[in-house]
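Below is the file target_31.pdb, which contains PDB, C-alpha atoms, pLDDT in the B column.
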MODEL        1
ATOM      1  CA  MET M  15      65.273-132.800 -96.555  1.00 37.00           C
ATOM      2  CA  GLU M  16      65.509-132.757 -92.769  1.00 45.00           C
ATOM      3  CA  ILE M  17      65.997-136.177 -91.175  1.00 45.00           C
ATOM      4  CA  VAL M  18      63.359-136.883 -88.516  1.00 49.00           C
ATOM      5  CA  GLY M  19      65.051-137.358 -85.167  1.00 49.00           C
ATOM      6  CA  ALA M  20      68.291-135.548 -86.093  1.00 58.00           C
ATOM      7  CA  GLY M  21      67.915-132.842 -83.465  1.00 70.00           C
ATOM      8  CA  PRO M  22      65.019-130.506 -82.621  1.00 84.00           C
ATOM      9  CA  PRO M  23      62.518-130.029 -85.441  1.00 94.00           C
ATOM     10  CA  THR M  24      62.993-126.864 -87.461  1.00 96.00           C
ATOM     11  CA  VAL M  25      60.382-124.621 -89.038  1.00 98.00           C
ATOM     12  CA  GLU M  26      61.398-125.778 -92.509  1.00 97.00           C
ATOM     13  CA  GLY M  27      61.334-129.450 -91.567  1.00 97.00           C
ATOM     14  CA  ILE M  28      57.942-129.174 -89.863  1.00 98.00           C
ATOM     15  CA  ARG M  29      56.476-127.344 -92.851  1.00 98.00           C
ATOM     16  CA  GLU M  30      57.865-129.868 -95.338  1.00 98.00           C
ATOM     17  CA  ARG M  31      56.750-132.969 -93.443  1.00 98.00           C
ATOM     18  CA  HIS M  32      53.307-131.547 -92.727  1.00 98.00           C
ATOM     19  CA  GLY M  33      52.746-130.593 -96.357  1.00 98.00           C
ATOM     20  CA  ARG M  34      53.961-133.933 -97.683  1.00 98.00           C
ATOM     21  CA  LEU M  35      51.832-135.900 -95.209  1.00 98.00           C
ATOM     22  CA  LEU M  36      48.729-133.796 -95.776  1.00 98.00           C
ATOM     23  CA  GLY M  37      49.029-134.322 -99.526  1.00 98.00           C
ATOM     24  CA  ARG M  38      49.334-138.082 -99.084  1.00 98.00           C
ATOM     25  CA  LEU M  39      46.375-138.286 -96.700  1.00 98.00           C
ATOM     26  CA  ARG M  40      44.143-136.169 -98.899  1.00 98.00           C
ATOM     27  CA  ALA M  41      45.043-138.366-101.868  1.00 98.00           C
ATOM     28  CA  ALA M  42      44.004-141.450 -99.853  1.00 98.00           C
ATOM     29  CA  ALA M  43      40.734-139.768 -98.913  1.00 98.00           C
ATOM     30  CA  GLU M  44      39.941-138.810-102.506  1.00 98.00           C
ATOM     31  CA  ALA M  45      40.821-142.274-103.810  1.00 98.00           C
ATOM     32  CA  ASN M  46      38.202-143.735-101.476  1.00 98.00           C
ATOM     33  CA  GLY M  47      35.392-141.321-102.307  1.00 98.00           C
ATOM     34  CA  HIS M  48      35.840-138.759 -99.521  1.00 98.00           C
ATOM     35  CA  ASP M  49      36.230-135.000 -99.870  1.00 98.00           C
ATOM     36  CA  PRO M  50      40.000-134.419 -99.504  1.00 98.00           C
ATOM     37  CA  ASP M  51      39.534-130.797 -98.460  1.00 98.00           C
ATOM     38  CA  ARG M  52      37.682-131.926 -95.332  1.00 98.00           C
ATOM     39  CA  LEU M  53      40.783-133.656 -93.951  1.00 98.00           C
ATOM     40  CA  ARG M  54      42.952-131.590 -91.600  1.00 98.00           C
ATOM     41  CA  ILE M  55      45.858-132.482 -89.359  1.00 98.00           C
ATOM     42  CA  VAL M  56      45.980-131.756 -85.635  1.00 98.00           C
ATOM     43  CA  ALA M  57      49.698-131.363 -84.928  1.00 98.00           C
ATOM     44  CA  VAL M  58      50.306-133.019 -81.571  1.00 98.00           C
ATOM     45  CA  THR M  59      52.823-130.999 -79.557  1.00 98.00           C
ATOM     46  CA  LYS M  60      52.598-132.951 -76.300  1.00 96.00           C
ATOM     47  CA  THR M  61      55.987-133.361 -74.565  1.00 95.00           C
ATOM     48  CA  TRP M  62      57.572-130.839 -76.942  1.00 97.00           C
ATOM     49  CA  PRO M  63      58.878-127.578 -75.421  1.00 96.00           C
ATOM     50  CA  LEU M  64      57.544-124.142 -76.160  1.00 97.00           C
ATOM     51  CA  GLU M  65      60.143-123.418 -78.855  1.00 96.00           C
ATOM     52  CA  VAL M  66      58.829-126.341 -80.911  1.00 97.00           C
ATOM     53  CA  VAL M  67      55.269-125.050 -80.498  1.00 98.00           C
ATOM     54  CA  ARG M  68      56.441-121.683 -81.809  1.00 98.00           C
ATOM     55  CA  ALA M  69      58.235-123.401 -84.697  1.00 98.00           C
ATOM     56  CA  ALA M  70      55.002-125.192 -85.595  1.00 98.00           C
ATOM     57  CA  LEU M  71      53.134-121.895 -85.654  1.00 98.00           C
ATOM     58  CA  ASP M  72      55.861-120.300 -87.754  1.00 98.00           C
ATOM     59  CA  ALA M  73      55.495-123.233 -90.168  1.00 98.00           C
ATOM     60  CA  GLY M  74      51.794-122.413 -90.555  1.00 98.00           C
ATOM     61  CA  LEU M  75      50.387-125.131 -88.291  1.00 98.00           C
ATOM     62  CA  THR M  76      47.720-123.521 -86.135  1.00 97.00           C
ATOM     63  CA  ARG M  77      45.676-126.579 -85.130  1.00 98.00           C
ATOM     64  CA  LEU M  78      47.634-127.983 -82.151  1.00 98.00           C
ATOM     65  CA  GLY M  79      46.914-130.939 -79.877  1.00 98.00           C
ATOM     66  CA  GLU M  80      47.829-131.652 -76.268  1.00 98.00           C
ATOM     67  CA  SER M  81      46.883-134.510 -73.946  1.00 97.00           C
ATOM     68  CA  ARG M  82      47.774-133.216 -70.464  1.00 97.00           C
ATOM     69  CA  VAL M  83      46.173-130.040 -69.243  1.00 97.00           C
ATOM     70  CA  GLN M  84      48.984-129.193 -66.820  1.00 97.00           C
ATOM     71  CA  GLU M  85      51.518-129.345 -69.648  1.00 97.00           C
ATOM     72  CA  ALA M  86      49.312-127.462 -72.076  1.00 98.00           C
ATOM     73  CA  GLU M  87      48.327-124.485 -69.922  1.00 98.00           C
ATOM     74  CA  PRO M  88      51.679-122.631 -70.077  1.00 98.00           C
ATOM     75  CA  LYS M  89      51.870-123.233 -73.837  1.00 98.00           C
ATOM     76  CA  VAL M  90      48.350-121.898 -74.365  1.00 98.00           C
ATOM     77  CA  ALA M  91      49.180-118.844 -72.249  1.00 97.00           C
ATOM     78  CA  ALA M  92      52.464-118.169 -74.039  1.00 97.00           C
ATOM     79  CA  VAL M  93      51.409-118.281 -77.683  1.00 95.00           C
ATOM     80  CA  GLY M  94      48.579-116.747 -79.659  1.00 92.00           C
ATOM     81  CA  GLY M  95      47.023-117.700 -82.936  1.00 94.00           C
ATOM     82  CA  ALA M  96      46.570-121.416 -82.261  1.00 97.00           C
ATOM     83  CA  GLU M  97      43.397-123.477 -82.092  1.00 98.00           C
ATOM     84  CA  TRP M  98      44.056-125.845 -79.195  1.00 98.00           C
ATOM     85  CA  HIS M  99      42.651-129.394 -79.252  1.00 98.00           C
ATOM     86  CA  PHE M 100      42.547-131.572 -76.134  1.00 98.00           C
ATOM     87  CA  ILE M 101      43.120-135.174 -77.211  1.00 98.00           C
ATOM     88  CA  GLY M 102      43.963-136.975 -73.952  1.00 97.00           C
ATOM     89  CA  ARG M 103      41.981-138.804 -71.307  1.00 96.00           C
ATOM     90  CA  LEU M 104      39.961-136.199 -69.423  1.00 97.00           C
ATOM     91  CA  GLN M 105      39.098-136.543 -65.757  1.00 94.00           C
ATOM     92  CA  SER M 106      35.977-134.760 -64.606  1.00 95.00           C
ATOM     93  CA  ASN M 107      37.889-132.778 -61.968  1.00 96.00           C
ATOM     94  CA  LYS M 108      39.979-131.158 -64.722  1.00 97.00           C
ATOM     95  CA  ALA M 109      37.040-130.249 -66.941  1.00 98.00           C
ATOM     96  CA  ARG M 110      37.089-126.585 -65.932  1.00 98.00           C
ATOM     97  CA  ARG M 111      40.765-126.174 -66.799  1.00 98.00           C
ATOM     98  CA  VAL M 112      40.244-127.853 -70.159  1.00 98.00           C
ATOM     99  CA  VAL M 113      37.221-125.704 -70.980  1.00 98.00           C
ATOM    100  CA  ARG M 114      39.249-122.590 -70.207  1.00 98.00           C
ATOM    101  CA  ALA M 115      42.231-123.599 -72.346  1.00 98.00           C
ATOM    102  CA  PHE M 116      40.898-125.571 -75.319  1.00 98.00           C
ATOM    103  CA  ALA M 117      38.646-124.796 -78.258  1.00 98.00           C
ATOM    104  CA  VAL M 118      38.037-128.446 -79.149  1.00 98.00           C
ATOM    105  CA  VAL M 119      37.837-131.521 -76.893  1.00 98.00           C
ATOM    106  CA  HIS M 120      38.199-134.885 -78.671  1.00 98.00           C
ATOM    107  CA  SER M 121      37.876-137.196 -75.664  1.00 97.00           C
ATOM    108  CA  VAL M 122      34.402-136.859 -74.120  1.00 98.00           C
ATOM    109  CA  ASP M 123      34.091-140.516 -73.158  1.00 97.00           C
ATOM    110  CA  SER M 124      30.906-140.592 -71.060  1.00 96.00           C
ATOM    111  CA  LEU M 125      27.587-138.844 -70.598  1.00 95.00           C
ATOM    112  CA  GLY M 126      28.679-137.820 -67.115  1.00 96.00           C
ATOM    113  CA  LEU M 127      31.688-136.008 -68.524  1.00 97.00           C
ATOM    114  CA  LEU M 128      29.545-134.430 -71.240  1.00 97.00           C
ATOM    115  CA  ARG M 129      27.200-133.049 -68.569  1.00 96.00           C
ATOM    116  CA  ARG M 130      30.105-131.769 -66.473  1.00 97.00           C
ATOM    117  CA  ILE M 131      31.663-129.962 -69.449  1.00 97.00           C
ATOM    118  CA  ALA M 132      28.292-128.402 -70.298  1.00 95.00           C
ATOM    119  CA  GLU M 133      27.924-127.152 -66.721  1.00 96.00           C
ATOM    120  CA  VAL M 134      31.445-125.715 -66.602  1.00 97.00           C
ATOM    121  CA  ALA M 135      31.103-124.134 -70.047  1.00 97.00           C
ATOM    122  CA  VAL M 136      28.094-122.144 -68.853  1.00 96.00           C
ATOM    123  CA  ASP M 137      30.027-120.981 -65.769  1.00 97.00           C
ATOM    124  CA  GLU M 138      33.018-119.962 -67.871  1.00 97.00           C
ATOM    125  CA  ASN M 139      30.941-118.432 -70.690  1.00 97.00           C
ATOM    126  CA  ARG M 140      32.718-120.638 -73.216  1.00 96.00           C
ATOM    127  CA  SER M 141      31.466-122.993 -75.936  1.00 95.00           C
ATOM    128  CA  PRO M 142      34.134-125.583 -76.726  1.00 97.00           C
ATOM    129  CA  HIS M 143      33.423-127.931 -79.606  1.00 97.00           C
ATOM    130  CA  LEU M 144      33.143-131.506 -78.400  1.00 98.00           C
ATOM    131  CA  LEU M 145      33.698-134.931 -79.910  1.00 98.00           C
ATOM    132  CA  ILE M 146      32.336-138.080 -78.285  1.00 98.00           C
ATOM    133  CA  GLN M 147      34.994-140.763 -77.886  1.00 98.00           C
ATOM    134  CA  VAL M 148      33.656-144.160 -78.935  1.00 98.00           C
ATOM    135  CA  ASN M 149      35.120-147.575 -78.162  1.00 97.00           C
ATOM    136  CA  VAL M 150      34.153-149.186 -81.455  1.00 96.00           C
ATOM    137  CA  THR M 151      36.175-152.363 -80.839  1.00 92.00           C
ATOM    138  CA  GLY M 152      34.882-153.095 -77.328  1.00 89.00           C
ATOM    139  CA  GLU M 153      38.368-153.420 -75.834  1.00 88.00           C
ATOM    140  CA  ALA M 154      38.130-153.480 -72.035  1.00 84.00           C
ATOM    141  CA  ALA M 155      41.218-151.326 -71.519  1.00 84.00           C
ATOM    142  CA  LYS M 156      40.133-148.621 -73.944  1.00 89.00           C
ATOM    143  CA  ALA M 157      38.141-145.517 -72.998  1.00 92.00           C
ATOM    144  CA  GLY M 158      35.035-144.427 -74.837  1.00 96.00           C
ATOM    145  CA  MET M 159      31.305-145.015 -75.015  1.00 97.00           C
ATOM    146  CA  ALA M 160      29.941-148.211 -76.506  1.00 97.00           C
ATOM    147  CA  PRO M 161      28.175-147.558 -79.823  1.00 97.00           C
ATOM    148  CA  GLU M 162      24.890-148.965 -78.496  1.00 96.00           C
ATOM    149  CA  ALA M 163      25.016-146.752 -75.407  1.00 96.00           C
ATOM    150  CA  LEU M 164      25.669-143.683 -77.533  1.00 96.00           C
ATOM    151  CA  LEU M 165      22.737-144.438 -79.822  1.00 95.00           C
ATOM    152  CA  ALA M 166      20.499-144.965 -76.786  1.00 95.00           C
ATOM    153  CA  ALA M 167      21.543-141.572 -75.400  1.00 93.00           C
ATOM    154  CA  ALA M 168      21.173-139.696 -78.690  1.00 91.00           C
ATOM    155  CA  ALA M 169      18.629-137.282 -77.213  1.00 87.00           C
ATOM    156  CA  GLU M 170      21.291-135.897 -74.847  1.00 87.00           C
ATOM    157  CA  LEU M 171      23.356-134.731 -77.807  1.00 87.00           C
ATOM    158  CA  GLN M 172      20.712-132.326 -79.069  1.00 82.00           C
ATOM    159  CA  ASP M 173      21.689-129.323 -76.950  1.00 80.00           C
ATOM    160  CA  ALA M 174      25.406-130.048 -76.589  1.00 86.00           C
ATOM    161  CA  HIS M 175      28.136-128.562 -78.756  1.00 90.00           C
ATOM    162  CA  ILE M 176      28.874-131.933 -80.341  1.00 96.00           C
ATOM    163  CA  ILE M 177      30.627-131.704 -83.701  1.00 97.00           C
ATOM    164  CA  GLY M 178      31.509-135.353 -84.249  1.00 98.00           C
ATOM    165  CA  LEU M 179      33.038-138.576 -82.964  1.00 98.00           C
ATOM    166  CA  MET M 180      36.531-139.817 -82.099  1.00 98.00           C
ATOM    167  CA  THR M 181      38.034-143.284 -81.832  1.00 98.00           C
ATOM    168  CA  MET M 182      41.349-145.104 -81.604  1.00 95.00           C
ATOM    169  CA  ALA M 183      42.086-148.236 -83.605  1.00 92.00           C
ATOM    170  CA  PRO M 184      43.549-151.343 -81.923  1.00 90.00           C
ATOM    171  CA  MET M 185      47.287-151.012 -81.349  1.00 85.00           C
ATOM    172  CA  GLY M 186      49.349-153.024 -83.796  1.00 85.00           C
ATOM    173  CA  ALA M 187      46.336-154.213 -85.773  1.00 89.00           C
ATOM    174  CA  ALA M 188      46.554-155.180 -89.435  1.00 94.00           C
ATOM    175  CA  GLU M 189      45.427-152.559 -91.931  1.00 94.00           C
ATOM    176  CA  ASP M 190      42.126-154.285 -92.723  1.00 95.00           C
ATOM    177  CA  GLU M 191      41.245-154.470 -89.020  1.00 96.00           C
ATOM    178  CA  THR M 192      42.233-150.841 -88.536  1.00 97.00           C
ATOM    179  CA  ARG M 193      40.145-149.712 -91.487  1.00 98.00           C
ATOM    180  CA  ALA M 194      37.197-151.749 -90.234  1.00 97.00           C
ATOM    181  CA  ALA M 195      37.339-149.948 -86.876  1.00 97.00           C
ATOM    182  CA  PHE M 196      37.421-146.548 -88.563  1.00 98.00           C
ATOM    183  CA  ALA M 197      34.592-147.545 -90.902  1.00 98.00           C
ATOM    184  CA  ARG M 198      32.453-148.491 -87.889  1.00 98.00           C
ATOM    185  CA  LEU M 199      32.911-145.001 -86.451  1.00 98.00           C
ATOM    186  CA  ARG M 200      31.867-143.392 -89.736  1.00 98.00           C
ATOM    187  CA  GLU M 201      28.799-145.626 -89.982  1.00 98.00           C
ATOM    188  CA  LEU M 202      27.871-144.844 -86.366  1.00 98.00           C
ATOM    189  CA  ARG M 203      28.191-141.113 -87.096  1.00 98.00           C
ATOM    190  CA  ASP M 204      25.874-141.494 -90.077  1.00 98.00           C
ATOM    191  CA  ARG M 205      23.271-143.312 -87.938  1.00 97.00           C
ATOM    192  CA  LEU M 206      23.475-140.674 -85.212  1.00 96.00           C
ATOM    193  CA  GLN M 207      22.896-137.912 -87.734  1.00 95.00           C
ATOM    194  CA  GLN M 208      19.774-139.697 -88.953  1.00 95.00           C
ATOM    195  CA  VAL M 209      18.488-140.306 -85.422  1.00 92.00           C
ATOM    196  CA  THR M 210      19.186-136.853 -84.005  1.00 91.00           C
ATOM    197  CA  GLY M 211      18.892-134.625 -87.062  1.00 92.00           C
ATOM    198  CA  ILE M 212      22.017-132.744 -85.994  1.00 92.00           C
ATOM    199  CA  GLY M 213      25.140-132.366 -88.097  1.00 95.00           C
ATOM    200  CA  LEU M 214      28.215-134.260 -86.936  1.00 97.00           C
ATOM    201  CA  PRO M 215      30.781-133.242 -89.542  1.00 98.00           C
ATOM    202  CA  GLU M 216      33.957-134.304 -87.757  1.00 98.00           C
ATOM    203  CA  LEU M 217      35.568-137.744 -87.462  1.00 98.00           C
ATOM    204  CA  SER M 218      38.725-137.654 -85.349  1.00 98.00           C
ATOM    205  CA  MET M 219      40.633-140.858 -86.075  1.00 98.00           C
ATOM    206  CA  GLY M 220      44.118-141.902 -87.001  1.00 97.00           C
ATOM    207  CA  MET M 221      47.591-141.122 -85.691  1.00 97.00           C
ATOM    208  CA  SER M 222      51.048-141.330 -87.255  1.00 96.00           C
ATOM    209  CA  ALA M 223      50.970-145.116 -87.585  1.00 94.00           C
ATOM    210  CA  ASP M 224      47.488-145.468 -89.076  1.00 97.00           C
ATOM    211  CA  ALA M 225      46.786-142.069 -90.605  1.00 98.00           C
ATOM    212  CA  GLU M 226      46.352-143.333 -94.177  1.00 97.00           C
ATOM    213  CA  ALA M 227      43.833-145.979 -93.095  1.00 98.00           C
ATOM    214  CA  ALA M 228      41.896-143.239 -91.281  1.00 98.00           C
ATOM    215  CA  ALA M 229      41.997-140.954 -94.316  1.00 98.00           C
ATOM    216  CA  ALA M 230      40.736-143.784 -96.521  1.00 98.00           C
ATOM    217  CA  GLU M 231      37.731-144.218 -94.199  1.00 98.00           C
ATOM    218  CA  GLY M 232      36.733-140.560 -94.069  1.00 98.00           C
ATOM    219  CA  ALA M 233      38.698-138.988 -91.221  1.00 98.00           C
ATOM    220  CA  THR M 234      38.414-135.216 -91.041  1.00 98.00           C
ATOM    221  CA  LEU M 235      40.797-134.688 -88.100  1.00 98.00           C
ATOM    222  CA  VAL M 236      43.962-136.805 -87.902  1.00 98.00           C
ATOM    223  CA  ARG M 237      46.113-136.511 -84.782  1.00 98.00           C
ATOM    224  CA  ILE M 238      49.771-136.480 -85.837  1.00 98.00           C
ATOM    225  CA  GLY M 239      52.846-136.037 -83.674  1.00 97.00           C
ATOM    226  CA  THR M 240      55.828-138.216 -84.618  1.00 96.00           C
ATOM    227  CA  ALA M 241      55.383-137.969 -88.392  1.00 97.00           C
ATOM    228  CA  ILE M 242      55.672-134.180 -88.149  1.00 98.00           C
ATOM    229  CA  PHE M 243      58.019-133.537 -85.211  1.00 97.00           C
ATOM    230  CA  GLY M 244      60.026-136.764 -85.023  1.00 93.00           C
ATOM    231  CA  PRO M 245      60.320-139.213 -82.107  1.00 90.00           C
ATOM    232  CA  ARG M 246      59.951-137.847 -78.622  1.00 76.00           C
ATOM    233  CA  ALA M 247      62.679-138.202 -76.035  1.00 65.00           C
TER     234      ALA M 247
ENDMDL
END
Could you render the structure from this file as structure tokens?
Amino acid sequence: MEIVGAGPPTVEGIRERHGRLLGRLRAAAEANGHDPDRLRIVAVTKTWPLEVVRAALDAGLTRLGESRVQEAEPKVAAVGGAEWHFIGRLQSNKARRVVRAFAVVHSVDSLGLLRRIAEVAVDENRSPHLLIQVNVTGEAAKAGMAPEALLAAAAELQDAHIIGLMTMAPMGAAEDETRAAFARLRELRDRLQQVTGIGLPELSMGMSADAEAAAAEGATLVRIGTAIFGPRA
């Protein structure tokens, strides 16, 4: 077994860690009444060089996540066969670049940004899948729409390419608090589906430190970097 952190990640090590983690997360999902086959991992390649991105693809990981558009663009241009997910904070002035490069955007944190992406997508003749980022805990320093504001604006979701919701749990929180935050996102998604009549199949929640809590609460997309590639420099 490859030791995480003992040099650059190899194809074999990436494949092994991804498979082991995916099995554990799907088991947690199934144990809590969720469809395990719905859970997928977004392998977060931010800060890793192009050779690690290629190693991830060689290991069979095609769903890749980046958080800075300027870092991601050369990677997107250099490799084929990946589905690129933007998971970072998105400024409106970079919306066009993100729409051009990414198939899925997890961090649409305001109605203004949603409108800007829709406008750019028409210009670029692209249809990225979008997730609304929700601040379910109300933390002042955290990005995302308040649940009440999102429910009030439900009509604006009708014609957008919204596929689900995303959130981040409080840093360093106990497992019960983390699970409660993820459960609130799932419950909000269920209410939005009832209000709007549109399907919102995806719940993007959980990272390396809280992935099992997210899986237990119904995550379908879990954003994993360290647990697959090791610690970043």
Residues matched by the PyMOL selection byres ((chain M and resi 165-177) around 10) as a PyMOL selection string: chain M and resi 118-120+122+125+128-129+131-132+141-146+159-164+178-179+202-203+205-207+209-217
Check which residues satisfy the PyMOL selection byres ((chain M and resi 246) around 10) in the file shown, then give them as JSON, numbers by chain. {"M": [19, 22, 59, 60, 61, 62, 239, 240, 243, 244, 245, 247]}
Given the file shown, enumerate the residues that the PyMOL selection byres ((chain M and resi 113) around 9) captures and present them as number ranges by chain. M: 108-112, 114-119, 131, 134-135, 138, 140-142
Could those selected residues go to a file with C-alpha atoms, as a JSON list (two decimals), keeping the file's coordinate frame?
[["chain", "number", "residue", "atom", "x", "y", "z"],
["M", 108, "LYS", "CA", 39.98, -131.16, -64.72],
["M", 109, "ALA", "CA", 37.04, -130.25, -66.94],
["M", 110, "ARG", "CA", 37.09, -126.58, -65.93],
["M", 111, "ARG", "CA", 40.76, -126.17, -66.80],
["M", 112, "VAL", "CA", 40.24, -127.85, -70.16],
["M", 114, "ARG", "CA", 39.25, -122.59, -70.21],
["M", 115, "ALA", "CA", 42.23, -123.60, -72.35],
["M", 116, "PHE", "CA", 40.90, -125.57, -75.32],
["M", 117, "ALA", "CA", 38.65, -124.80, -78.26],
["M", 118, "VAL", "CA", 38.04, -128.45, -79.15],
["M", 119, "VAL", "CA", 37.84, -131.52, -76.89],
["M", 131, "ILE", "CA", 31.66, -129.96, -69.45],
["M", 134, "VAL", "CA", 31.44, -125.72, -66.60],
["M", 135, "ALA", "CA", 31.10, -124.13, -70.05],
["M", 138, "GLU", "CA", 33.02, -119.96, -67.87],
["M", 140, "ARG", "CA", 32.72, -120.64, -73.22],
["M", 141, "SER", "CA", 31.47, -122.99, -75.94],
["M", 142, "PRO", "CA", 34.13, -125.58, -76.73]]
Between atom CA of Asn139 of chain M and atom CA of Gln84 of chain M, what is the spacing in Å?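 Atom CA of Asn139 of chain M lies at a distance of 21.4 Å from atom CA of Gln84 of chain M.
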Might you pull out every residue within 9 Å of Arg77 of chain M, with all atoms listed in the file counted and same-chain residues fewer than 5 positions away left off, and present them as a PyMOL selection string? chain M and resi 54-58+71+96-99
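Taking atom CA of Ala197 of chain M as the reference point, atom CA of Ala183 of chain M is found at 10.5 Å.
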Calculate how many Å separate atom CA of Gly37 of chain M from atom CA of Leu78 of chain M, rounding to one decimal.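 Interatomic distance here is 18.5 Å.
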Using the file's own x, y and z axes, what box holds all listed atoms of segment 199-217 of chain M with 5 Å on each side, keeping edges along x, y and z, and what are its centre and edge lengths in Å to one decimal, as JSON?
{"center_x": 27.0, "center_y": -139.0, "center_z": -87.0, "size_x": 27.1, "size_y": 23.3, "size_z": 16.1}
Need to verify the contact set: Val236 of chain M, 8 Å, all atoms listed in the file, exclusion of same-chain residues closer than 2 positions in sequence. Can you return it as a count of residues only? 14
